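Text of the file work-v1.txt, holding compact mmCIF, C-alpha atoms:
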```txt
# COMPACT_ATOMS: atom_id res chain seq x y z
CA MET J 1 -5.89 72.93 25.87
CA LYS J 2 -7.59 70.87 28.56
CA HIS J 3 -6.61 67.29 29.22
CA GLN J 4 -8.03 64.70 31.57
CA PRO J 5 -5.59 64.37 34.49
CA ILE J 6 -4.01 61.05 35.34
CA PHE J 7 -4.12 60.69 39.09
CA ASP J 8 -0.86 59.19 40.25
CA THR J 9 2.29 60.17 42.11
CA ARG J 10 4.42 60.54 39.01
CA PHE J 11 6.99 63.31 39.16
CA PHE J 12 9.00 65.19 36.55
CA PHE J 13 12.66 66.04 37.01
CA SER J 14 15.11 68.38 35.32
CA THR J 15 18.40 67.56 33.70
CA ALA J 16 21.55 69.51 34.50
CA PRO J 17 22.29 72.43 32.15
CA LEU J 18 24.40 71.36 29.17
CA PRO J 19 25.58 73.14 26.02
CA CYS J 20 22.72 73.33 23.53
CA PRO J 21 23.24 70.98 20.55
CA TYR J 22 21.22 73.27 18.26
CA LEU J 23 22.03 76.92 19.01
CA PRO J 24 25.47 78.33 19.85
CA ASP J 25 26.21 79.98 23.20
CA ARG J 26 23.09 78.60 24.84
CA MET J 27 22.49 76.06 27.56
CA GLU J 28 19.95 73.25 27.29
CA ARG J 29 17.81 71.89 30.08
CA ARG J 30 14.98 69.35 29.92
CA VAL J 31 12.07 68.23 32.03
CA VAL J 32 11.81 64.43 31.92
CA THR J 33 9.69 61.59 33.27
CA GLU J 34 9.75 57.84 32.80
CA LEU J 35 7.14 56.14 30.62
CA ILE J 36 6.58 53.10 32.79
CA GLY J 37 3.69 51.32 34.42
CA ARG J 38 0.19 50.43 33.30
CA ASP J 39 -0.60 54.00 32.24
CA ALA J 40 2.50 54.47 30.07
CA VAL J 41 0.52 54.61 26.81
CA ALA J 42 -2.07 57.05 28.20
CA LEU J 43 0.68 59.21 29.71
CA HIS J 44 2.58 59.29 26.41
CA GLU J 45 -0.57 60.37 24.57
CA GLN J 46 -1.24 63.12 27.09
CA LEU J 47 2.31 64.41 27.18
CA SER J 48 2.58 64.37 23.38
CA LEU J 49 -0.46 66.65 23.29
CA ALA J 50 1.41 68.92 25.69
CA GLY J 51 4.45 69.11 23.38
CA PHE J 52 6.66 66.40 24.90
CA ARG J 53 8.74 63.96 22.87
CA ARG J 54 9.80 60.38 23.55
CA SER J 55 13.33 58.97 23.61
CA HIS J 56 13.87 55.43 24.84
CA GLY J 57 11.70 55.01 27.93
CA ILE J 58 11.35 58.68 28.83
CA ALA J 59 9.27 61.66 27.76
CA TYR J 60 10.95 65.05 27.72
CA ALA J 61 10.39 68.69 26.89
CA PRO J 62 12.84 71.62 26.74
CA ALA J 63 12.82 73.93 29.75
CA CYS J 64 15.77 76.22 29.08
CA ALA J 65 16.38 79.41 31.02
CA GLY J 66 15.86 82.50 28.86
CA CYS J 67 15.16 80.54 25.68
CA ASP J 68 11.95 79.40 24.04
CA ALA J 69 13.29 78.45 20.61
CA CYS J 70 12.17 74.80 20.46
CA LYS J 71 8.54 74.38 19.44
CA ALA J 72 6.73 71.07 19.04
CA VAL J 73 5.02 70.88 15.64
CA ARG J 74 2.65 68.54 13.85
CA VAL J 75 1.46 68.36 10.23
CA LEU J 76 -2.27 68.29 9.48
CA ALA J 77 -2.23 65.18 7.31
CA ALA J 78 -5.64 65.51 5.64
CA ASP J 79 -5.06 69.14 4.63
CA PHE J 80 -1.45 68.71 3.48
CA ARG J 81 -0.75 69.66 -0.11
CA PRO J 82 2.78 68.98 -1.37
CA SER J 83 4.76 71.77 -2.96
CA ARG J 84 6.18 71.41 -6.45
CA SER J 85 9.57 70.32 -5.11
CA GLN J 86 7.93 67.82 -2.75
CA ARG J 87 5.99 66.33 -5.65
CA ARG J 88 9.29 65.88 -7.47
CA VAL J 89 10.75 64.11 -4.44
CA TRP J 90 7.73 61.80 -4.29
CA LYS J 91 7.99 60.97 -7.98
CA ARG J 92 11.76 60.45 -7.76
CA ASN J 93 11.24 57.79 -5.10
CA ALA J 94 8.24 56.03 -6.63
CA ASP J 95 10.30 52.83 -6.69
CA ILE J 96 10.94 52.91 -2.91
CA THR J 97 8.66 50.81 -0.72
CA GLY J 98 8.03 51.35 2.99
CA ALA J 99 6.97 48.65 5.46
CA PHE J 100 6.16 48.63 9.18
CA CYS J 101 8.51 46.30 11.06
CA GLU J 102 8.60 45.23 14.68
CA PRO J 103 10.90 47.35 16.91
CA ALA J 104 13.75 44.85 16.83
CA ALA J 105 17.18 46.20 15.96
CA THR J 106 19.00 44.44 13.13
CA HIS J 107 22.62 44.61 12.04
CA GLU J 108 21.43 45.72 8.60
CA GLN J 109 19.70 48.72 10.17
CA TYR J 110 22.73 49.47 12.33
CA ARG J 111 25.09 49.49 9.33
CA LEU J 112 22.86 52.05 7.64
CA PHE J 113 22.52 54.03 10.89
CA THR J 114 26.31 54.13 11.28
CA ALA J 115 26.83 55.22 7.66
CA TYR J 116 24.27 57.98 8.13
CA GLN J 117 25.88 59.24 11.34
CA LYS J 118 29.35 59.29 9.80
CA GLY J 119 28.10 60.94 6.62
CA ARG J 120 25.80 63.56 8.16
CA HIS J 121 26.61 63.94 11.88
CA GLY J 122 30.19 62.80 12.26
CA ASP J 123 30.86 65.07 15.24
CA GLY J 124 27.66 64.18 17.10
CA ASP J 125 27.23 61.91 20.11
CA MET J 126 25.09 59.46 18.14
CA SER J 127 28.03 58.72 15.83
CA LYS J 128 29.66 56.99 18.80
CA MET J 129 26.77 54.58 19.38
CA ASP J 130 27.57 50.86 19.17
CA PHE J 131 25.04 48.19 18.21
CA PHE J 132 23.76 47.81 21.76
CA ASP J 133 23.19 51.56 22.02
CA TYR J 134 21.24 51.43 18.78
CA GLN J 135 19.30 48.45 20.07
CA GLY J 136 18.25 50.51 23.08
CA LEU J 137 17.11 53.36 20.84
CA VAL J 138 14.85 51.01 18.88
CA GLU J 139 13.64 48.53 21.47
CA ASP J 140 13.41 50.53 24.70
CA SER J 141 9.78 51.59 24.36
CA SER J 142 6.68 50.85 26.41
CA ILE J 143 4.29 52.13 23.73
CA GLU J 144 3.39 50.99 20.21
CA THR J 145 6.53 51.59 18.18
CA HIS J 146 7.68 50.38 14.76
CA VAL J 147 10.70 50.73 12.54
CA ILE J 148 9.48 51.66 9.07
CA GLU J 149 12.01 50.25 6.62
CA PHE J 150 12.41 51.76 3.16
CA ARG J 151 13.87 49.55 0.43
CA ASP J 152 14.82 50.02 -3.21
CA PRO J 153 13.67 47.66 -6.00
CA GLY J 154 16.66 45.40 -5.33
CA GLY J 155 15.66 44.97 -1.68
CA SER J 156 18.46 47.09 -0.25
CA LEU J 157 17.65 49.05 2.88
CA VAL J 158 18.02 52.74 2.01
CA GLY J 159 16.18 54.40 4.91
CA ALA J 160 14.42 53.78 8.20
CA CYS J 161 12.18 55.77 10.51
CA LEU J 162 11.53 54.89 14.16
CA THR J 163 7.86 55.78 14.53
CA ASP J 164 5.41 55.83 17.43
CA SER J 165 1.72 55.16 16.81
CA MET J 166 -0.69 57.45 18.64
CA ALA J 167 -4.47 57.66 18.84
CA ASN J 168 -4.54 60.69 16.53
CA GLY J 169 -1.38 60.37 14.49
CA LEU J 170 2.10 59.06 13.78
CA SER J 171 5.11 60.45 15.59
CA ALA J 172 8.49 60.42 13.82
CA VAL J 173 11.01 59.67 16.58
CA TYR J 174 14.21 59.31 14.53
CA SER J 175 15.01 58.68 10.88
CA PHE J 176 18.17 57.87 8.97
CA PHE J 177 19.06 57.00 5.39
CA ASP J 178 21.85 56.20 2.96
CA PRO J 179 23.97 59.39 2.76
CA GLY J 180 25.24 58.30 -0.64
CA LEU J 181 21.78 58.73 -2.17
CA GLU J 182 21.56 62.47 -1.61
CA ASN J 183 19.86 63.07 -4.97
CA ARG J 184 16.83 61.09 -3.75
CA SER J 185 16.13 63.45 -0.79
CA LEU J 186 15.19 60.43 1.31
CA GLY J 187 14.69 62.46 4.49
CA ALA J 188 11.98 64.50 2.81
CA PHE J 189 10.52 61.41 1.17
CA MET J 190 10.10 59.61 4.49
CA ILE J 191 8.14 62.55 5.93
CA LEU J 192 5.91 62.61 2.83
CA TRP J 193 5.42 58.85 3.20
CA LEU J 194 4.38 59.26 6.86
CA ILE J 195 1.86 61.95 5.90
CA GLU J 196 0.38 59.71 3.22
CA GLU J 197 0.30 56.76 5.64
CA ALA J 198 -1.45 58.87 8.29
CA ARG J 199 -4.09 59.73 5.69
CA ARG J 200 -4.45 56.07 4.73
CA GLN J 201 -5.02 55.13 8.39
CA GLY J 202 -7.47 57.99 8.92
CA LEU J 203 -5.16 59.74 11.39
CA ASP J 204 -5.11 63.49 11.80
CA TYR J 205 -1.47 64.33 12.39
CA VAL J 206 2.18 63.56 11.82
CA TYR J 207 4.28 64.75 14.76
CA LEU J 208 7.72 65.97 13.64
CA GLY J 209 9.29 66.90 16.95
CA PHE J 210 10.76 70.34 17.57
CA TRP J 211 10.96 73.13 15.02
CA ILE J 212 13.84 75.58 15.63
CA PRO J 213 13.77 78.46 13.11
CA ASP J 214 17.40 79.52 13.63
CA CYS J 215 18.83 75.99 13.39
CA ALA J 216 19.30 74.85 9.79
CA LYS J 217 19.01 71.14 10.57
CA MET J 218 15.68 71.70 12.38
CA ALA J 219 14.17 74.61 10.41
CA TYR J 220 13.23 72.42 7.42
CA LYS J 221 10.12 71.13 9.20
CA VAL J 222 8.22 74.32 8.41
CA ARG J 223 8.06 73.21 4.76
CA TYR J 224 5.28 70.73 5.54
CA GLN J 225 2.16 72.87 5.65
CA PRO J 226 -0.39 73.28 7.06
CA MET J 227 1.25 72.81 10.41
CA GLU J 228 0.31 73.37 14.03
CA ILE J 229 2.66 74.62 16.72
CA ARG J 230 2.28 73.90 20.44
CA THR J 231 1.97 77.03 22.58
CA ALA J 232 0.88 77.58 26.17
CA ASP J 233 -2.65 78.03 24.82
CA GLY J 234 -2.66 74.69 23.01
CA TRP J 235 -2.07 73.79 19.38
CA GLU J 236 -2.38 76.67 16.90
CA ARG J 237 -1.94 76.93 13.15
CA LEU J 238 1.57 78.11 12.48
CA GLY J 239 0.31 80.90 10.24
CA SER J 240 -1.85 82.26 13.08
CA VAL J 241 1.10 82.56 15.45
CA ALA J 242 3.02 85.82 15.19
CA VAL J 243 6.24 84.50 13.64
CA ALA J 244 7.19 87.18 11.12
CA GLY J 245 9.37 89.85 12.63
CA ALA J 246 9.88 87.94 15.86
CA GLY J 247 12.93 85.99 16.92
CA PRO J 248 12.60 82.30 17.70
CA ASP J 249 12.57 83.07 21.43
CA ARG J 250 9.31 84.94 21.00
CA VAL J 251 7.30 82.42 19.01
CA GLY J 252 4.51 81.09 21.21
CA ALA J 253 4.68 81.07 24.98
CA THR J 254 6.38 79.06 27.66
CA SER J 255 4.88 75.99 29.28
CA ALA J 256 4.47 75.48 33.01
CA SER J 257 7.67 73.46 33.15
CA GLU J 258 9.63 76.14 31.27
CA ARG J 259 8.31 78.89 33.53
CA ALA J 260 9.19 76.89 36.62
CA LEU J 261 12.82 76.59 35.58
CA THR J 262 13.11 80.01 33.96
CA ASN J 263 12.14 81.70 37.21
CA ASP J 264 15.03 79.96 38.93
CA PRO J 265 17.51 78.49 36.43
CA GLU J 266 19.45 76.69 39.15
CA ALA J 267 16.43 75.09 40.82
CA ASP J 268 15.64 71.39 40.45
CA ALA J 269 12.29 70.63 38.86
CA ASN J 270 10.11 68.39 41.00
CA LEU J 271 6.72 68.87 39.37
CA THR J 272 3.56 66.80 39.34
CA LEU J 273 1.65 65.87 36.21
CA GLY J 274 -1.04 68.42 37.01
CA GLU J 275 1.56 71.20 37.19
CA ILE J 276 3.05 70.16 33.85
CA LEU J 277 -0.28 70.07 31.98
```
Representation of the structure as structure tokens:
Amino acid sequence: MKHQPIFDTRFFFSTAPLPCPYLPDRMERRVVTELIGRDAVALHEQLSLAGFRRSHGIAYAPACAGCDACKAVRVLAADFRPSRSQRRVWKRNADITGAFCEPAATHEQYRLFTAYQKGRHGDGDMSKMDFFDYQGLVEDSSIETHVIEFRDPGGSLVGACLTDSMANGLSAVYSFFDPGLENRSLGAFMILWLIEEARRQGLDYVYLGFWIPDCAKMAYKVRYQPMEIRTADGWERLGSVAVAGAGPDRVGATSASERALTNDPEADANLTLGEIL
């Protein structure tokens, strides 16, 4: 996929190898750059098309030695047709309303965020976040970002999704919900809501981050079809990529940043934007 280059002196750097949070006995490494300056929005758009994700004020992509398991995916909103179980989830939550809110952290959101972390990810790093950490997650963004709040008929906050707006879609950055309402399947409902909202706005895609087939908490994303996967050749329909019979390390191909680090796992990445794209 060809992109118009942004001519600046921006560089990308690698993180130190750390234990992978998704797959056992593997090491994670990322290529990162800051989303700052007058071109932050344009850079975010361009990097998102190249399979990067945003967290706080940085864009990142996996670049792990000997592993290619993480694949950026996006749902084709206009072509999406819910499965029977997804239709049940939608109907079950017909009384839930979603609303775009400014990216300003509230204590109500943080209480729900904390309950979610304790109920679903009690051993994770995010369970240790205090209010100011959460505030950074929500408010540290140089692009158009919203918190979509989901409330029940009584006005109680039952879910939230930090969402970036892009020229061609909506990007789900992070979502959380009331772990005590498991029968509602609120995580699935929020994705269905984003797909419907993308359609309403005339947007093509909903970006869901990284799909990891061998990680249960990340493999669910493949349920939202049709879906495109980012490979070295650009975005391809998931069904057209040789997935069956291949391990997750063989799905797609590595990016320039992944190849740069894979060739020398101990080397520091100091790449230009042109080399990344």
Go through segment 7-126 of chain J residue by residue and, counting all atoms listed in the file, keep those with an atom at most 10 Å from segment 163-172 of chain J; for each kept residue give the shortest atom pair and its distance in Å to one decimal, ordered by chain and increasing number, as CSV.
```
residue,atom,partner,partner_atom,distance
J:Val41,CA,J:Met166,CA,8.7
J:Ala42,CA,J:Met166,CA,9.7
J:His44,CA,J:Met166,CA,8.6
J:Glu45,CA,J:Met166,CA,6.6
J:Ser48,CA,J:Met166,CA,9.0
J:Leu49,CA,J:Asn168,CA,9.9
J:Arg53,CA,J:Ser171,CA,8.9
J:Arg54,CA,J:Asp164,CA,8.8
J:Arg74,CA,J:Ser171,CA,8.6
J:Val75,CA,J:Gly169,CA,9.5
J:Leu76,CA,J:Gly169,CA,9.4
J:Ala77,CA,J:Gly169,CA,8.7
J:Phe100,CA,J:Thr163,CA,9.1
J:Pro103,CA,J:Thr163,CA,9.3
```
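With only C-alpha atoms as the atoms that count, the residue of J:Leu181, J:Leu23, J:Val31, J:Val138 with the shortest distance to Ser55 of chain J is J:Val138.
Using all atoms listed in the file, the smallest distance between any of J:Gln135, J:Ala78, J:Cys67, J:Ile143 and Gly202 of chain J comes from J:Ala78.
For the set J:Ala65, J:Cys70, J:Met129, J:Ala99, the residue with the smallest atom-to-atom gap to Gly155 of chain J is J:Ala99, counting all atoms listed in the file.
Take the candidates J:Arg88, J:Arg81, J:Phe132, J:Val73 and check each one against Tyr220 of chain J using all atoms listed in the file; the shortest distance goes to J:Val73.
Distances from J:Pro17, J:Pro213, J:Gly124, J:Gly234 to Pro62 of chain J were compared using only C-alpha atoms, and the smallest one belongs to J:Pro17.
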Give the centre and edge lengths of an axis-aligned box, in Å to one decimal, that holds all listed atoms of segment 84-90 of chain J with 3 Å on each side, as lines of an AutoDock Vina configuration file.
```
center_x = 8.4
center_y = 66.6
center_z = -5.1
size_x = 10.8
size_y = 15.6
size_z = 10.7
```
Distance of atom CA of Leu162 of chain J from atom CA of Glu28 of chain J, expressed in Å to one decimal place: 24.1 Å
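With distances taken over all atoms listed in the file, J:Glu228 is the one residue among J:Glu102, J:Glu108, J:Asp125, J:Glu228 lying closest to Ala72 of chain J.
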Two-atom distance - atom CA of Arg30 of chain J, atom CA of Gly51 of chain J (Å): 12.4 Å
